[in-house]
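Notes follow the structure.
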Amino acid sequence: MNEIAPSKLIVEALVFASSEPVLEAEIQASLADGAIARDILEELQRDYAGRGVRLECCNKCWAFRTAPELATALRKFDRRPRRLTRAALEMLAIIAYQQPVTRAEIEALRGVSISRGTLDNLVDAGWVIPRGRRDTPGQPVTWVTTTAFLDHFGLASLDDLPRLDELEGAALFKPSVAR
């Protein structure tokens, strides 16, 4: 039987035991023997490839995830469906594409005011967070998406969001301003 390096065991256990994706820098900080976290994570990723559980990277955070092809078989076990209102979906899309963005900017893009509860739902889901203030009169709070947003929607980064012209071509988006 091959002996597994202690660092590899530590990294595997650390990621497995965490309820949230673990930042690669935190994993590196847990290694004392000069091992490189990225190398170990990539080795573990190869070890788990083709299995029911896979090691995935999302915005420099690592987590074990169920293989996507098993989603149908596991759907009956999902007990926490999160349903968003149309207003919340619109707001989330605006934040994702325009971040950092203020509440007033979101309202201007949507053409209607937003209720406090809509933003609260997105914050409660862990998908958006405040990220500083705009250097304008009143210094409004700016909002951005989180790693949890990327993780929930299966995105490695914001670059994986569909381009607006792709959405427009699929009739999923209609620009409000003529080009």
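Labels used: A, B, ... for chains in the order of the structure tokens, numbers from 1 for residues in each chain, and numbers from 1 for ligands as shown.
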*Identify, with DSSP run on backbone atoms, the residues in chain A assigned to alpha helix (DSSP H), and express the list as an MDAnalysis selection string.*
chainID A and resid 6:17 24:29 37:48 71:74 86:98 103:110 116:124 147:152 164:169
Contacts of range 134-168 of chain A with range 14-35 of chain A up to 10 Å, shortest pair per row, only C-alpha atoms, as a Markdown table:
```
| residue | atom | partner | partner_atom | distance |
| --- | --- | --- | --- | --- |
| A:Thr147 | CA | A:Pro21 | CA | 8.5 |
| A:Ala148 | CA | A:Pro21 | CA | 8.3 |
| A:Asp151 | CA | A:Pro21 | CA | 8.4 |
```
*Distance query Arg103 in chain A at most 8 Å, only C-alpha atoms, self and fewer than 4 positions along chain excluded, as an MDAnalysis selection string*: chainID A and resid 107 140:143
Given the selection you just returned, output its residues as a file containing N, CA, C and O atoms, formatted as a PDB file, in the first residue's frame.
```pdb
ATOM      1  N   GLU A 107     -31.901  50.634  -9.202  1.00  0.00           N
ATOM      2  CA  GLU A 107     -33.251  51.156  -9.456  1.00  0.00           C
ATOM      3  C   GLU A 107     -33.332  51.852 -10.805  1.00  0.00           C
ATOM      4  O   GLU A 107     -34.317  51.698 -11.535  1.00  0.00           O
ATOM      5  N   PRO A 140     -23.146  56.407  -1.187  1.00  0.00           N
ATOM      6  CA  PRO A 140     -23.994  55.207  -1.140  1.00  0.00           C
ATOM      7  C   PRO A 140     -23.169  53.915  -1.109  1.00  0.00           C
ATOM      8  O   PRO A 140     -22.062  53.864  -1.639  1.00  0.00           O
ATOM      9  N   VAL A 141     -23.719  52.907  -0.464  1.00  0.00           N
ATOM     10  CA  VAL A 141     -23.090  51.588  -0.375  1.00  0.00           C
ATOM     11  C   VAL A 141     -23.091  50.945  -1.756  1.00  0.00           C
ATOM     12  O   VAL A 141     -24.065  51.051  -2.501  1.00  0.00           O
ATOM     13  N   THR A 142     -21.997  50.283  -2.093  1.00  0.00           N
ATOM     14  CA  THR A 142     -21.953  49.518  -3.343  1.00  0.00           C
ATOM     15  C   THR A 142     -22.106  48.037  -3.014  1.00  0.00           C
ATOM     16  O   THR A 142     -21.723  47.577  -1.931  1.00  0.00           O
ATOM     17  N   TRP A 143     -22.674  47.286  -3.951  1.00  0.00           N
ATOM     18  CA  TRP A 143     -22.970  45.872  -3.766  1.00  0.00           C
ATOM     19  C   TRP A 143     -22.232  45.046  -4.796  1.00  0.00           C
ATOM     20  O   TRP A 143     -22.104  45.449  -5.960  1.00  0.00           O
TER      21      TRP A 143
END
```
*asked:* I'd like the contact shell of Arg46 in chain A - 9 Å cut-off, only C-alpha atoms, skipping same-chain residues fewer than 5 positions apart - returned as a PyMOL selection string.
replied: chain A and resi 41+54-55
Just-selected residues, N, CA, C and O atoms written as a short mmCIF file (atom, residue, chain, number, x, y, z; two decimals), in the first residue's frame:
```cif
data_model
loop_
_atom_site.label_atom_id
_atom_site.label_comp_id
_atom_site.auth_asym_id
_atom_site.auth_seq_id
_atom_site.Cartn_x
_atom_site.Cartn_y
_atom_site.Cartn_z
N LEU A 41 -3.73 20.28 -4.13
CA LEU A 41 -5.12 20.41 -4.54
C LEU A 41 -5.33 19.86 -5.96
O LEU A 41 -6.31 19.17 -6.23
N ARG A 54 -16.32 15.39 -6.50
CA ARG A 54 -15.16 15.98 -7.17
C ARG A 54 -14.67 17.18 -6.39
O ARG A 54 -15.44 17.86 -5.73
N LEU A 55 -13.40 17.45 -6.51
CA LEU A 55 -12.81 18.63 -5.90
C LEU A 55 -12.81 19.73 -6.95
O LEU A 55 -12.26 19.55 -8.03
#
```
*Give me every strand (DSSP E or B) residue in chain A, going by DSSP on the backbone, as a list in words.*
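Restricting chain A to strand (DSSP E or B) produces Val22, Leu23, Val53, Arg54, Leu55, Glu56, Cys57, Cys58, Cys61, Trp62, Ala63, Phe64, Arg65, Thr66, Val101, Thr102, Val128, Ile129, Pro130, Arg131, Gly132, Arg133, Val141, Thr142, Trp143, Val144 and Thr145 of chain A.
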Next, write the just-selected residues to a file, as an mmCIF file, in the first residue's frame, keeping N, CA, C and O atoms as the atom set.
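Contents of the output file out.cif:
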```cif
data_model
loop_
_atom_site.group_PDB
_atom_site.id
_atom_site.type_symbol
_atom_site.label_atom_id
_atom_site.label_comp_id
_atom_site.auth_asym_id
_atom_site.auth_seq_id
_atom_site.Cartn_x
_atom_site.Cartn_y
_atom_site.Cartn_z
ATOM 1 N N VAL A 22 -13.055 26.545 0.865
ATOM 2 C CA VAL A 22 -11.899 26.999 1.629
ATOM 3 C C VAL A 22 -10.948 27.760 0.705
ATOM 4 O O VAL A 22 -10.577 27.267 -0.360
ATOM 5 N N LEU A 23 -10.545 28.930 1.131
ATOM 6 C CA LEU A 23 -9.623 29.758 0.375
ATOM 7 C C LEU A 23 -8.267 29.066 0.272
ATOM 8 O O LEU A 23 -7.748 28.540 1.261
ATOM 9 N N VAL A 53 -17.971 12.333 -6.253
ATOM 10 C CA VAL A 53 -17.630 13.589 -5.592
ATOM 11 C C VAL A 53 -16.356 14.095 -6.247
ATOM 12 O O VAL A 53 -15.444 13.322 -6.520
ATOM 13 N N ARG A 54 -16.318 15.393 -6.504
ATOM 14 C CA ARG A 54 -15.157 15.979 -7.170
ATOM 15 C C ARG A 54 -14.667 17.184 -6.389
ATOM 16 O O ARG A 54 -15.438 17.862 -5.732
ATOM 17 N N LEU A 55 -13.396 17.447 -6.505
ATOM 18 C CA LEU A 55 -12.808 18.634 -5.895
ATOM 19 C C LEU A 55 -12.811 19.729 -6.948
ATOM 20 O O LEU A 55 -12.258 19.554 -8.034
ATOM 21 N N GLU A 56 -13.438 20.858 -6.616
ATOM 22 C CA GLU A 56 -13.563 21.943 -7.582
ATOM 23 C C GLU A 56 -13.059 23.250 -7.004
ATOM 24 O O GLU A 56 -13.164 23.488 -5.799
ATOM 25 N N CYS A 57 -12.549 24.075 -7.893
ATOM 26 C CA CYS A 57 -12.057 25.400 -7.520
ATOM 27 C C CYS A 57 -13.042 26.449 -8.010
ATOM 28 O O CYS A 57 -13.492 26.409 -9.153
ATOM 29 N N CYS A 58 -13.373 27.374 -7.140
ATOM 30 C CA CYS A 58 -14.292 28.459 -7.479
ATOM 31 C C CYS A 58 -13.726 29.743 -6.889
ATOM 32 O O CYS A 58 -13.757 29.917 -5.668
ATOM 33 N N CYS A 61 -11.194 29.354 -4.188
ATOM 34 C CA CYS A 61 -11.709 28.615 -3.041
ATOM 35 C C CYS A 61 -11.972 27.180 -3.510
ATOM 36 O O CYS A 61 -12.426 26.969 -4.629
ATOM 37 N N TRP A 62 -11.736 26.219 -2.641
ATOM 38 C CA TRP A 62 -11.838 24.811 -2.998
ATOM 39 C C TRP A 62 -12.908 24.131 -2.177
ATOM 40 O O TRP A 62 -13.050 24.400 -0.976
ATOM 41 N N ALA A 63 -13.665 23.241 -2.826
ATOM 42 C CA ALA A 63 -14.726 22.501 -2.141
ATOM 43 C C ALA A 63 -14.993 21.196 -2.872
ATOM 44 O O ALA A 63 -14.779 21.100 -4.081
ATOM 45 N N PHE A 64 -15.448 20.215 -2.110
ATOM 46 C CA PHE A 64 -15.910 18.981 -2.720
ATOM 47 C C PHE A 64 -17.347 19.193 -3.157
ATOM 48 O O PHE A 64 -18.159 19.743 -2.414
ATOM 49 N N ARG A 65 -17.664 18.766 -4.373
ATOM 50 C CA ARG A 65 -19.000 18.919 -4.943
ATOM 51 C C ARG A 65 -19.426 17.603 -5.566
ATOM 52 O O ARG A 65 -18.608 16.843 -6.090
ATOM 53 N N THR A 66 -20.723 17.385 -5.573
ATOM 54 C CA THR A 66 -21.277 16.212 -6.235
ATOM 55 C C THR A 66 -21.073 16.344 -7.738
ATOM 56 O O THR A 66 -21.217 17.432 -8.295
ATOM 57 N N VAL A 101 -22.121 48.147 -7.675
ATOM 58 C CA VAL A 101 -23.261 48.957 -8.082
ATOM 59 C C VAL A 101 -24.041 49.399 -6.839
ATOM 60 O O VAL A 101 -24.113 48.664 -5.852
ATOM 61 N N THR A 102 -24.593 50.597 -6.901
ATOM 62 C CA THR A 102 -25.376 51.123 -5.768
ATOM 63 C C THR A 102 -26.851 50.798 -5.955
ATOM 64 O O THR A 102 -27.296 50.463 -7.063
ATOM 65 N N VAL A 128 -24.871 38.274 -2.231
ATOM 66 C CA VAL A 128 -24.372 39.638 -2.398
ATOM 67 C C VAL A 128 -23.953 40.181 -1.034
ATOM 68 O O VAL A 128 -24.494 39.771 -0.005
ATOM 69 N N ILE A 129 -22.988 41.081 -1.084
ATOM 70 C CA ILE A 129 -22.513 41.739 0.130
ATOM 71 C C ILE A 129 -22.203 43.196 -0.183
ATOM 72 O O ILE A 129 -21.935 43.540 -1.341
ATOM 73 N N PRO A 130 -22.233 44.055 0.841
ATOM 74 C CA PRO A 130 -21.803 45.438 0.608
ATOM 75 C C PRO A 130 -20.284 45.462 0.430
ATOM 76 O O PRO A 130 -19.568 44.710 1.078
ATOM 77 N N ARG A 131 -19.815 46.306 -0.464
ATOM 78 C CA ARG A 131 -18.377 46.381 -0.711
ATOM 79 C C ARG A 131 -17.973 47.844 -0.815
ATOM 80 O O ARG A 131 -17.793 48.374 -1.891
ATOM 81 N N GLY A 132 -17.915 48.512 0.273
ATOM 82 C CA GLY A 132 -17.459 49.893 0.286
ATOM 83 C C GLY A 132 -18.551 50.874 -0.082
ATOM 84 O O GLY A 132 -19.733 50.525 -0.173
ATOM 85 N N ARG A 133 -18.121 52.097 -0.281
ATOM 86 C CA ARG A 133 -19.048 53.178 -0.617
ATOM 87 C C ARG A 133 -18.543 53.933 -1.834
ATOM 88 O O ARG A 133 -17.342 54.054 -2.050
ATOM 89 N N VAL A 141 -23.719 52.907 -0.464
ATOM 90 C CA VAL A 141 -23.090 51.588 -0.375
ATOM 91 C C VAL A 141 -23.091 50.945 -1.756
ATOM 92 O O VAL A 141 -24.065 51.051 -2.501
ATOM 93 N N THR A 142 -21.997 50.283 -2.093
ATOM 94 C CA THR A 142 -21.953 49.518 -3.343
ATOM 95 C C THR A 142 -22.106 48.037 -3.014
ATOM 96 O O THR A 142 -21.723 47.577 -1.931
ATOM 97 N N TRP A 143 -22.674 47.286 -3.951
ATOM 98 C CA TRP A 143 -22.970 45.872 -3.766
ATOM 99 C C TRP A 143 -22.232 45.046 -4.796
ATOM 100 O O TRP A 143 -22.104 45.449 -5.960
ATOM 101 N N VAL A 144 -21.766 43.870 -4.368
ATOM 102 C CA VAL A 144 -21.066 42.929 -5.250
ATOM 103 C C VAL A 144 -21.549 41.515 -4.946
ATOM 104 O O VAL A 144 -22.114 41.261 -3.880
ATOM 105 N N THR A 145 -21.317 40.610 -5.885
ATOM 106 C CA THR A 145 -21.645 39.198 -5.660
ATOM 107 C C THR A 145 -20.516 38.543 -4.859
ATOM 108 O O THR A 145 -19.421 39.088 -4.754
#
```
*Name all residues at most 12 Å from Val112 in chain A (count only C-alpha atoms; drop same-chain ones fewer than 5 positions away) and give them as an NGL selection string.*
:A and (87 or 90-91 or 103-107)
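Taking CA of Pro68 in chain A and CA of Ser7 in chain A as endpoints, the distance between them is 28.0 Å.
Candidate residues A:Ala37, A:Leu161, A:Leu70, A:Leu92 were compared for distance to Arg51 in chain A, and the nearest is A:Leu70, using only C-alpha atoms.
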